[in-house]
$ cat my_file05.txt   # compact mmCIF, C-alpha atoms
# COMPACT_ATOMS: atom_id res chain seq x y z
CA MET A 201 29.34 34.41 146.09
CA ASP A 202 30.43 30.95 144.90
CA LEU A 203 33.64 30.00 143.09
CA LEU A 204 32.13 30.47 139.62
CA ASP A 205 31.04 34.00 140.51
CA LEU A 206 34.55 34.75 141.77
CA ALA A 207 36.10 33.27 138.63
CA GLN A 208 33.84 35.32 136.35
CA GLY A 209 34.23 38.50 138.39
CA PRO A 210 37.13 39.59 140.60
CA PHE A 211 39.47 36.72 139.63
CA LEU A 212 39.04 37.51 135.93
CA ASP A 213 39.50 41.24 136.46
CA GLY A 214 42.62 40.62 138.54
CA ALA A 215 44.12 38.22 136.00
CA VAL A 216 43.55 40.70 133.15
CA ILE A 217 45.14 43.52 135.17
CA ILE A 218 48.19 41.39 136.01
CA PHE A 219 48.50 40.41 132.35
CA LEU A 220 48.23 43.95 130.99
CA VAL A 221 50.51 45.54 133.60
CA GLY A 222 53.07 42.74 133.40
CA MET A 223 53.22 42.82 129.61
CA ALA A 224 53.43 46.62 129.57
CA ILE A 225 56.42 46.48 131.92
CA ARG A 226 58.18 43.89 129.77
CA VAL A 227 57.56 45.85 126.57
CA LEU A 228 58.84 49.07 128.17
CA ARG A 229 61.99 47.29 129.34
CA ILE A 230 62.67 46.13 125.79
CA LEU A 231 62.01 49.56 124.31
CA ALA A 232 64.32 51.14 126.90
CA ARG A 233 67.33 49.26 125.55
CA PRO A 234 69.80 51.58 123.80
CA ARG A 235 69.71 49.82 120.45
CA VAL A 236 65.95 50.25 120.18
CA ARG A 237 66.18 54.01 120.67
CA VAL A 238 68.15 54.46 117.42
CA ILE A 239 65.68 55.95 114.92
CA GLU A 240 67.97 57.18 112.12
CA GLY A 241 71.19 56.37 110.33
CA TYR A 242 70.05 53.05 108.85
CA ALA A 243 72.56 51.40 106.51
CA ARG A 244 69.89 49.10 105.05
CA PRO A 245 66.15 49.67 104.45
CA PRO A 246 64.59 49.16 107.91
CA ALA A 247 61.22 47.90 106.62
CA ALA A 248 62.89 45.12 104.62
CA SER A 249 65.08 44.13 107.57
CA VAL A 250 62.10 43.98 109.93
CA LEU A 251 60.15 41.85 107.44
CA ARG A 252 63.11 39.49 107.02
CA SER A 253 63.45 39.27 110.80
CA PHE A 254 59.86 38.04 111.04
CA LEU A 255 60.09 35.66 108.11
CA LEU A 256 63.21 33.96 109.45
CA TRP A 257 61.21 32.91 112.51
CA LEU A 258 57.90 32.23 110.82
CA LEU A 259 59.10 30.27 107.80
CA PRO A 260 61.09 27.01 107.90
CA THR A 261 64.73 27.11 106.90
CA ARG A 262 66.42 24.28 105.05
CA ARG A 263 68.43 23.38 108.14
CA VAL A 264 65.25 23.09 110.23
CA TRP A 265 63.54 20.90 107.63
CA ARG A 266 66.56 18.60 107.37
CA ARG A 267 66.96 18.30 111.13
CA ASN A 268 63.44 17.77 112.46
CA PRO A 269 60.51 19.21 110.48
CA LEU A 270 57.85 17.75 112.77
CA VAL A 271 58.66 20.00 115.74
CA PRO A 272 58.44 23.40 113.97
CA ILE A 273 55.28 22.24 112.20
CA ALA A 274 53.81 21.25 115.57
CA GLY A 275 54.75 24.66 116.95
CA TRP A 276 53.00 26.51 114.13
CA VAL A 277 49.93 24.27 114.34
CA PHE A 278 49.68 24.77 118.10
CA HIS A 279 49.92 28.55 117.90
CA LEU A 280 47.49 28.77 114.97
CA GLY A 281 44.99 26.42 116.61
CA PHE A 282 45.26 28.22 119.92
CA PHE A 283 44.41 31.57 118.36
CA VAL A 284 41.60 30.08 116.27
CA THR A 285 40.09 28.69 119.45
CA LEU A 286 40.71 31.90 121.37
CA PHE A 287 39.15 34.24 118.83
CA GLY A 288 36.68 31.85 117.22
CA THR A 289 34.62 30.94 120.27
CA SER A 290 31.49 33.04 120.71
CA GLY A 291 31.80 32.85 124.51
CA HIS A 292 35.26 34.34 124.31
CA ALA A 293 33.91 37.16 122.16
CA LEU A 294 31.68 38.15 125.07
CA ILE A 295 34.76 38.59 127.25
CA TRP A 296 36.40 40.81 124.64
CA ASP A 297 33.19 42.81 124.47
CA HIS A 298 33.18 43.17 128.26
CA PHE A 299 36.73 44.54 128.47
CA PHE A 300 37.28 46.24 125.12
CA GLY A 301 33.82 46.80 123.64
CA VAL A 302 34.39 44.64 120.55
CA SER A 303 32.63 41.40 119.64
CA TRP A 304 32.11 39.10 116.67
CA THR A 305 30.29 35.95 115.61
CA GLY A 306 31.97 32.72 116.64
CA LEU A 307 32.95 29.84 114.37
CA PRO A 308 30.79 26.68 114.08
CA ALA A 309 31.11 24.28 117.00
CA GLY A 310 32.50 21.51 114.80
CA VAL A 311 35.31 23.71 113.52
CA LEU A 312 36.26 24.72 117.06
CA THR A 313 36.21 21.11 118.26
CA TRP A 314 38.57 19.96 115.54
CA SER A 315 40.73 23.01 116.08
CA ALA A 316 41.06 22.13 119.77
CA VAL A 317 41.85 18.47 119.01
CA ILE A 318 44.53 19.35 116.45
CA THR A 319 45.97 21.98 118.80
CA LEU A 320 46.29 19.45 121.61
CA ALA A 321 47.85 16.88 119.26
CA ALA A 322 50.48 19.45 118.32
CA LEU A 323 51.08 20.19 122.00
CA VAL A 324 51.65 16.49 122.67
CA VAL A 325 54.34 16.48 119.97
CA LEU A 326 56.05 19.48 121.59
CA VAL A 327 55.93 17.94 125.06
CA VAL A 328 57.25 14.57 123.86
CA ASN A 329 60.05 16.35 122.01
CA HIS A 330 60.90 18.22 125.20
CA LEU A 331 61.12 14.94 127.11
CA VAL A 332 63.00 12.74 124.60
CA ASN A 333 65.12 15.14 122.56
CA PRO A 334 68.67 15.15 124.02
CA ALA A 335 69.19 18.81 123.06
CA MET A 336 65.97 19.84 124.78
CA ARG A 337 66.96 17.93 127.91
CA VAL A 338 70.15 20.02 128.01
CA LEU A 339 68.86 23.40 126.84
CA GLY A 340 65.30 23.16 128.12
CA SER A 341 64.08 23.41 131.67
CA PRO A 342 61.23 22.13 133.82
CA ARG A 343 59.76 25.64 133.72
CA GLN A 344 59.56 25.45 129.94
CA LEU A 345 57.72 22.14 130.15
CA VAL A 346 55.32 23.59 132.73
CA SER A 347 54.73 26.52 130.38
CA HIS A 348 53.71 24.08 127.65
CA LEU A 349 51.23 22.43 129.99
CA ILE A 350 49.78 25.71 131.27
CA GLY A 351 49.38 26.92 127.68
CA GLY A 352 47.40 23.81 126.77
CA LEU A 353 45.28 23.64 129.91
CA PRO A 354 42.58 26.11 128.75
CA VAL A 355 42.26 24.17 125.48
CA VAL A 356 41.86 20.89 127.37
CA THR A 357 39.28 22.26 129.78
CA GLY A 358 37.44 24.11 127.01
CA LEU A 359 37.18 20.94 124.94
CA ALA A 360 36.05 18.95 127.97
CA LEU A 361 33.45 21.61 128.72
CA THR A 362 31.96 21.72 125.23
CA GLN A 363 31.91 17.92 124.94
CA GLY A 364 30.19 17.48 128.31
CA TRP A 365 33.07 15.61 129.89
CA LEU A 366 33.12 17.94 132.89
CA GLN A 367 29.89 17.71 134.84
CA PRO A 368 28.05 19.52 136.23
CA PHE A 369 28.33 22.35 133.72
CA THR A 370 29.05 24.96 136.39
CA LEU A 371 32.04 22.93 137.57
CA GLY A 372 33.36 22.64 134.03
CA MET A 373 32.92 26.35 133.42
CA THR A 374 34.67 27.20 136.68
CA VAL A 375 37.64 24.96 135.89
CA HIS A 376 37.92 26.36 132.36
CA ILE A 377 37.82 29.99 133.48
CA LEU A 378 40.35 29.37 136.25
CA SER A 379 42.71 27.63 133.81
CA ALA A 380 42.51 30.62 131.46
CA GLU A 381 43.17 33.01 134.34
CA LEU A 382 46.19 30.95 135.38
CA LEU A 383 47.51 31.32 131.84
CA LEU A 384 46.93 35.08 131.86
CA VAL A 385 48.85 35.46 135.12
CA CYS A 386 51.73 33.25 133.98
CA ILE A 387 52.24 34.88 130.56
CA PRO A 388 54.11 38.03 131.71
CA LEU A 389 56.06 36.00 134.28
CA SER A 390 57.43 33.33 131.95
CA ARG A 391 58.53 32.52 128.41
CA LEU A 392 54.86 32.47 127.46
CA SER A 393 55.26 36.23 127.11
CA HIS A 394 56.52 35.55 123.59
CA ILE A 395 52.83 35.58 122.61
CA LEU A 396 53.17 39.37 122.38
CA LEU A 397 56.87 40.06 122.83
CA PHE A 398 57.63 38.18 119.61
CA PHE A 399 56.40 41.18 117.62
CA VAL A 400 58.42 43.63 119.71
CA THR A 401 61.68 41.69 119.76
CA ARG A 402 61.65 40.76 116.07
CA THR A 403 60.97 44.39 115.12
CA ALA A 404 63.78 45.58 117.40
CA TRP A 405 66.24 43.07 115.97
CA GLY A 406 65.26 43.96 112.39
CA LEU A 407 65.86 47.66 113.05
CA GLU A 408 69.19 46.94 114.73
CA ALA A 409 70.30 44.82 111.77
CA ALA A 410 69.29 47.61 109.38
CA ARG A 411 71.28 50.14 111.41
CA ARG A 412 74.40 47.95 111.33
CA GLY A 413 74.00 47.15 107.66
CA VAL A 414 73.74 43.38 108.16
CA ARG A 415 71.03 40.90 107.29
CA PRO A 416 68.87 39.73 110.25

$ encode --input "my_file05.txt" --output "structure tokens"
Amino acid sequence: MDLLDLAQGPFLDGAVIIFLVGMAIRVLRILARPRVRVIEGYARPPAASVLRSFLLWLLPTRRVWRRNPLVPIAGWVFHLGFFVTLFGTSGHALIWDHFFGVSWTGLPAGVLTWSAVITLAALVVLVVNHLVNPAMRVLGSPRQLVSHLIGGLPVVTGLALTQGWLQPFTLGMTVHILSAELLLVCIPLSRLSHILLFFVTRTAWGLEAARRGVRP
């Protein structure tokens, strides 16, 4: 069994298991907090508070636009492009079919190429901001920068694979799969977990704000 066989078989299964178990543990820890267990006695409509909690993070505020609009825009573009690439590639659909029994038709190759290029451009903006922004140098950390790079690595290797920059093809495929597996393993162990925990934490904070009668 060569490295590609390992990457497509036991390495992939192990990475998915680590991802699922790790994320389940993190979600359970959040749900176990006392404030999340409150299910009645809301002073404000909980649905409206949860929606506002999401919108405050998803939509730009005036303060953000005045301070540095390029960075939040780059963040949105990166996340959107990442998920377009993740769910729009027909090869990725085969993996979803393997583990969850669902599949779909992928997007045209040209759309995926441009999506990957724009995603990487947005990542460059985020990394440069991390390196040159004085606030990020104080509040950020090397781990956060490494998380940026790990998050972009599957996009880089996937683009290189589809454009024929990594030869032979088996080598490119191996590198791409291993980079995706590295990301899967790192997500529950780092701030990359916000990929899923965002929905849990924003819902929890919206419900807590509704219980206290304050705006999120």

$ atom_distance --input "my_file05.txt" --atom1 "CA of Leu407 in chain A" --atom2 "CA of Ala247 in chain A"
7.9 Å

$ atom_distance --input "my_file05.txt" --atom1 "CA of His292 in chain A" --atom2 "CA of Phe211 in chain A"
16.1 Å

$ closest_residue --input "my_file05.txt" --among "A:Val227, A:Gly301, A:Pro269, A:Phe278" --to "His394 in chain A" --atoms "only C-alpha atoms"
A:Val227

$ residues_around --input "my_file05.txt" --residues "His298 in chain A" --least-positions-apart "5" --cutoff "12 Å" --atoms "only C-alpha atoms" --output "PyMOL selection string"
chain A and resi 208-209+212-213+216+291-293+303

$ atom_distance --input "my_file05.txt" --atom1 "CA of Ser249 in chain A" --atom2 "CA of Gly406 in chain A"
4.8 Å

$ residues_around --input "my_file05.txt" --residues "Val328 in chain A" --least-positions-apart "2" --cutoff "12 Å" --atoms "all atoms listed in the file" --output "ChimeraX atom specification"
/A:270-271,274,321-326,330-334,336-337,345,348-349

$ write_last_selection --input "my_file05.txt" --atoms "C-alpha atoms" --output "PDB file, in the coordinates of the input"
ATOM      1  CA  LEU A 270      57.850  17.750 112.770  1.00  0.00           C
ATOM      2  CA  VAL A 271      58.660  20.000 115.740  1.00  0.00           C
ATOM      3  CA  ALA A 274      53.810  21.250 115.570  1.00  0.00           C
ATOM      4  CA  ALA A 321      47.850  16.880 119.260  1.00  0.00           C
ATOM      5  CA  ALA A 322      50.480  19.450 118.320  1.00  0.00           C
ATOM      6  CA  LEU A 323      51.080  20.190 122.000  1.00  0.00           C
ATOM      7  CA  VAL A 324      51.650  16.490 122.670  1.00  0.00           C
ATOM      8  CA  VAL A 325      54.340  16.480 119.970  1.00  0.00           C
ATOM      9  CA  LEU A 326      56.050  19.480 121.590  1.00  0.00           C
ATOM     10  CA  HIS A 330      60.900  18.220 125.200  1.00  0.00           C
ATOM     11  CA  LEU A 331      61.120  14.940 127.110  1.00  0.00           C
ATOM     12  CA  VAL A 332      63.000  12.740 124.600  1.00  0.00           C
ATOM     13  CA  ASN A 333      65.120  15.140 122.560  1.00  0.00           C
ATOM     14  CA  PRO A 334      68.670  15.150 124.020  1.00  0.00           C
ATOM     15  CA  MET A 336      65.970  19.840 124.780  1.00  0.00           C
ATOM     16  CA  ARG A 337      66.960  17.930 127.910  1.00  0.00           C
ATOM     17  CA  LEU A 345      57.720  22.140 130.150  1.00  0.00           C
ATOM     18  CA  HIS A 348      53.710  24.080 127.650  1.00  0.00           C
ATOM     19  CA  LEU A 349      51.230  22.430 129.990  1.00  0.00           C
TER      20      LEU A 349
END

$ residues_around --input "my_file05.txt" --residues "Thr319 in chain A" --least-positions-apart "6" --cutoff "7 Å" --atoms "all atoms listed in the file" --output "list in words"
Val277, Phe278, Gly281 and Phe282 of chain A

$ residues_around --input "my_file05.txt" --residues "range 365-374 of chain A" --least-positions-apart "3" --cutoff "8 Å" --atoms "all atoms listed in the file" --output "compact mmCIF listing (two decimals) with C-alpha atoms, in the coordinates of the input"
# COMPACT_ATOMS: atom_id res chain seq x y z
CA LEU A 203 33.64 30.00 143.09
CA LEU A 204 32.13 30.47 139.62
CA ALA A 207 36.10 33.27 138.63
CA THR A 357 39.28 22.26 129.78
CA ALA A 360 36.05 18.95 127.97
CA LEU A 361 33.45 21.61 128.72
CA THR A 362 31.96 21.72 125.23
CA ILE A 377 37.82 29.99 133.48
CA LEU A 378 40.35 29.37 136.25

$ residues_around --input "my_file05.txt" --residues "Met223 in chain A" --least-positions-apart "4" --cutoff "12 Å" --atoms "only C-alpha atoms" --output "MDAnalysis selection string"
chainID A and resid 216:219 227:230 384:398 400

$ closest_residue --input "my_file05.txt" --among "A:Glu408, A:Ala215, A:Ile295, A:Pro354" --to "Phe283 in chain A" --atoms "only C-alpha atoms"
A:Pro354

$ closest_residue --input "my_file05.txt" --among "A:Gly288, A:Leu251, A:Ile318, A:Ala410" --to "Trp276 in chain A" --atoms "all atoms listed in the file"
A:Ile318

$ residues_near_point --input "my_file05.txt" --point "(47.4, 30.6, 130.6)" --cutoff "6 Å" --atoms "all atoms listed in the file" --output "ChimeraX atom specification"
/A:350-351,380,382-384

$ closest_residue --input "my_file05.txt" --among "A:Arg343, A:Ala404, A:Phe300, A:Thr285" --to "Leu359 in chain A" --atoms "all atoms listed in the file"
A:Thr285

$ closest_residue --input "my_file05.txt" --among "A:Val317, A:Val311, A:Pro272, A:Val356" --to "Asn329 in chain A" --atoms "only C-alpha atoms"
A:Pro272

$ decode --input "my_file05.txt" --residues "range 329-407 of chain A" --atoms "C-alpha atoms" --output "mmCIF file, in the first residue's frame"
data_model
loop_
_atom_site.group_PDB
_atom_site.id
_atom_site.type_symbol
_atom_site.label_atom_id
_atom_site.label_comp_id
_atom_site.auth_asym_id
_atom_site.auth_seq_id
_atom_site.Cartn_x
_atom_site.Cartn_y
_atom_site.Cartn_z
ATOM 1 C CA ASN A 329 -3.045 42.125 8.068
ATOM 2 C CA HIS A 330 -1.951 39.683 10.761
ATOM 3 C CA LEU A 331 1.694 40.550 10.114
ATOM 4 C CA VAL A 332 1.507 44.351 9.738
ATOM 5 C CA ASN A 333 -1.482 45.417 11.830
ATOM 6 C CA PRO A 334 -0.181 46.607 15.243
ATOM 7 C CA ALA A 335 -3.354 45.398 17.009
ATOM 8 C CA MET A 336 -3.027 41.944 15.478
ATOM 9 C CA ARG A 337 0.614 41.759 16.519
ATOM 10 C CA VAL A 338 -0.522 42.364 20.114
ATOM 11 C CA LEU A 339 -3.780 40.394 20.194
ATOM 12 C CA GLY A 340 -2.924 37.716 17.649
ATOM 13 C CA SER A 341 -0.602 34.784 18.046
ATOM 14 C CA PRO A 342 1.649 32.601 15.909
ATOM 15 C CA ARG A 343 -0.931 29.819 16.292
ATOM 16 C CA GLN A 344 -3.560 32.032 14.679
ATOM 17 C CA LEU A 345 -1.254 32.718 11.744
ATOM 18 C CA VAL A 346 -0.544 28.995 11.381
ATOM 19 C CA SER A 347 -4.296 28.373 11.407
ATOM 20 C CA HIS A 348 -4.672 30.773 8.473
ATOM 21 C CA LEU A 349 -2.012 28.895 6.542
ATOM 22 C CA ILE A 350 -3.426 25.450 7.329
ATOM 23 C CA GLY A 351 -6.885 26.649 6.270
ATOM 24 C CA GLY A 352 -5.550 27.793 2.909
ATOM 25 C CA LEU A 353 -3.298 24.819 2.231
ATOM 26 C CA PRO A 354 -6.015 22.545 0.752
ATOM 27 C CA VAL A 355 -7.074 25.376 -1.567
ATOM 28 C CA VAL A 356 -3.489 25.893 -2.726
ATOM 29 C CA THR A 357 -2.848 22.208 -3.324
ATOM 30 C CA GLY A 358 -6.246 21.724 -4.966
ATOM 31 C CA LEU A 359 -5.591 24.586 -7.375
ATOM 32 C CA ALA A 360 -2.112 23.276 -8.118
ATOM 33 C CA LEU A 361 -3.560 19.825 -8.748
ATOM 34 C CA THR A 362 -6.268 20.957 -11.156
ATOM 35 C CA GLN A 363 -3.879 23.248 -13.050
ATOM 36 C CA GLY A 364 -1.256 20.522 -13.445
ATOM 37 C CA TRP A 365 1.368 22.317 -11.388
ATOM 38 C CA LEU A 366 1.953 19.259 -9.204
ATOM 39 C CA GLN A 367 3.309 16.376 -11.239
ATOM 40 C CA PRO A 368 2.950 13.473 -11.413
ATOM 41 C CA PHE A 369 -0.785 13.514 -10.783
ATOM 42 C CA THR A 370 -0.587 10.878 -8.047
ATOM 43 C CA LEU A 371 1.858 13.067 -6.119
ATOM 44 C CA GLY A 372 -0.428 16.074 -6.444
ATOM 45 C CA MET A 373 -3.433 14.073 -5.322
ATOM 46 C CA THR A 374 -1.530 12.693 -2.339
ATOM 47 C CA VAL A 375 -0.374 16.146 -1.237
ATOM 48 C CA HIS A 376 -3.869 17.583 -1.633
ATOM 49 C CA ILE A 377 -5.556 14.821 0.355
ATOM 50 C CA LEU A 378 -2.958 15.001 3.121
ATOM 51 C CA SER A 379 -3.371 18.780 3.370
ATOM 52 C CA ALA A 380 -7.141 18.353 3.732
ATOM 53 C CA GLU A 381 -6.638 15.694 6.398
ATOM 54 C CA LEU A 382 -4.275 17.991 8.287
ATOM 55 C CA LEU A 383 -7.007 20.630 8.262
ATOM 56 C CA LEU A 384 -9.608 18.153 9.518
ATOM 57 C CA VAL A 385 -7.374 17.129 12.423
ATOM 58 C CA CYS A 386 -6.497 20.721 13.345
ATOM 59 C CA ILE A 387 -10.057 22.103 13.278
ATOM 60 C CA PRO A 388 -11.254 20.724 16.652
ATOM 61 C CA LEU A 389 -7.862 21.487 18.233
ATOM 62 C CA SER A 390 -7.638 25.162 17.281
ATOM 63 C CA ARG A 391 -9.581 28.333 16.539
ATOM 64 C CA LEU A 392 -10.477 26.802 13.196
ATOM 65 C CA SER A 393 -13.283 25.106 15.119
ATOM 66 C CA HIS A 394 -15.289 28.292 14.577
ATOM 67 C CA ILE A 395 -16.261 26.719 11.235
ATOM 68 C CA LEU A 396 -19.008 24.903 13.167
ATOM 69 C CA LEU A 397 -18.901 26.388 16.659
ATOM 70 C CA PHE A 398 -19.898 29.777 15.257
ATOM 71 C CA PHE A 399 -23.479 28.541 14.928
ATOM 72 C CA VAL A 400 -23.503 27.097 18.442
ATOM 73 C CA THR A 401 -21.917 30.052 20.219
ATOM 74 C CA ARG A 402 -23.970 32.725 18.443
ATOM 75 C CA THR A 403 -27.187 30.836 19.213
ATOM 76 C CA ALA A 404 -26.160 30.444 22.865
ATOM 77 C CA TRP A 405 -25.317 34.132 23.203
ATOM 78 C CA GLY A 406 -28.589 35.164 21.528
ATOM 79 C CA LEU A 407 -30.599 33.026 23.954
#
